[in-house]
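Enquirer: Got a structure for you, questions after.
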Amino acid sequence: MPHRVYNFDMAAPNFHTLITRGTSFTEEQLDHVLENIDANGRPLSKVIGNQTYQSPEEALSVLCGHLGVDFIKEIPVNDIPVDLVRDIPINYAKNHQVLP
């Protein structure tokens, strides 16, 4: 897989910029996620929102770590059970990016 280059007109883009420009997160979705608190009771917006990251993947990985969920860079599509997606209409799946 070729190395992605992210050009955000900034030397070191902040978390918010990387996520909103480098992923499908909307501003509202990100703001909602950042309202969560970490294990020490601090808002995620304060813990990770002011740091800089090199890629959206790095920023998402840090976010997932604070939320206690695994970060999966690439979903192994061939490992997804067919029964899980069989009844999802194809147009819905395409429009909502059910699978990569």
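For the structure tokens, the naming scheme is as follows: chains receive sequential letters (A, B, ...) according to their order of presentation, residues are indexed from 1 within each chain, and ligands are indexed from 1 in presentation order.
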Quick one: DSSP alpha helix (DSSP H) residues in chain A, as a PyMOL selection string?

Expert: chain A and resi 15-22+27-34+44-47+56-67+82-85+90-95

Enquirer: List the spatial neighbours of A:Lys73 as number ranges by chain - criterion: any atom at most 10 Å away, only C-alpha atoms, same-chain residues fewer than 3 positions off excluded.

Expert: A: 57-58, 60-61, 70, 76

Enquirer: Could you give me, as a list in words, each residue of chain A that DSSP assigns to strand (DSSP E or B) when run on this structure's backbone?

Expert: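 Strand (DSSP E or B) assignments inside chain A correspond to Asn14, Ile37, Pro43 and Thr52 of chain A.
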
Enquirer: Output N, CA and C atoms for every residue in that selection, as a compact mmCIF listing (two decimals), in the first residue's frame.

Expert:
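Produced file selection21.txt, reproduced below:
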```txt
# COMPACT_ATOMS: atom_id res chain seq x y z
N ASN A 14 -3.48 19.49 13.79
CA ASN A 14 -3.98 19.04 15.08
C ASN A 14 -5.00 17.91 14.89
N ILE A 37 -15.27 11.29 28.51
CA ILE A 37 -14.17 11.49 29.45
C ILE A 37 -13.29 10.25 29.49
N PRO A 43 -11.97 15.35 30.07
CA PRO A 43 -12.61 15.33 28.75
C PRO A 43 -11.59 14.96 27.67
N THR A 52 -0.66 17.01 18.42
CA THR A 52 -0.52 16.92 16.97
C THR A 52 -0.20 15.49 16.58
```

Enquirer: So that I can check the surroundings of A:Ala39, please list as a list in words every protein, DNA and RNA residue that reaches within 9 Å of it, counting only C-alpha atoms and ignoring chain neighbours fewer than 3 positions away.

Expert: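 Selected residues are Arg42, His66 and Leu67 of chain A.
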
Enquirer: Have a look at A:Thr17, A:Asn36, A:Gly68, A:Ile75 and name the one nearest to A:Gln54; count only C-alpha atoms.

Expert: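 The answer is A:Thr17, which sits nearest to A:Gln54.
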
Enquirer: Which is closer to A:Val98 than all the others in A:Val77, A:Glu35, A:Glu27, A:Val62, using only C-alpha atoms?

Expert: A:Val77

Enquirer: Counting only C-alpha atoms, which of A:Leu44, A:Lys94, A:Asp79, A:Ser24 gets nearest to A:Cys64?

Expert: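 Of A:Leu44, A:Lys94, A:Asp79, A:Ser24, the one nearest A:Cys64, counting only C-alpha atoms, is A:Leu44.
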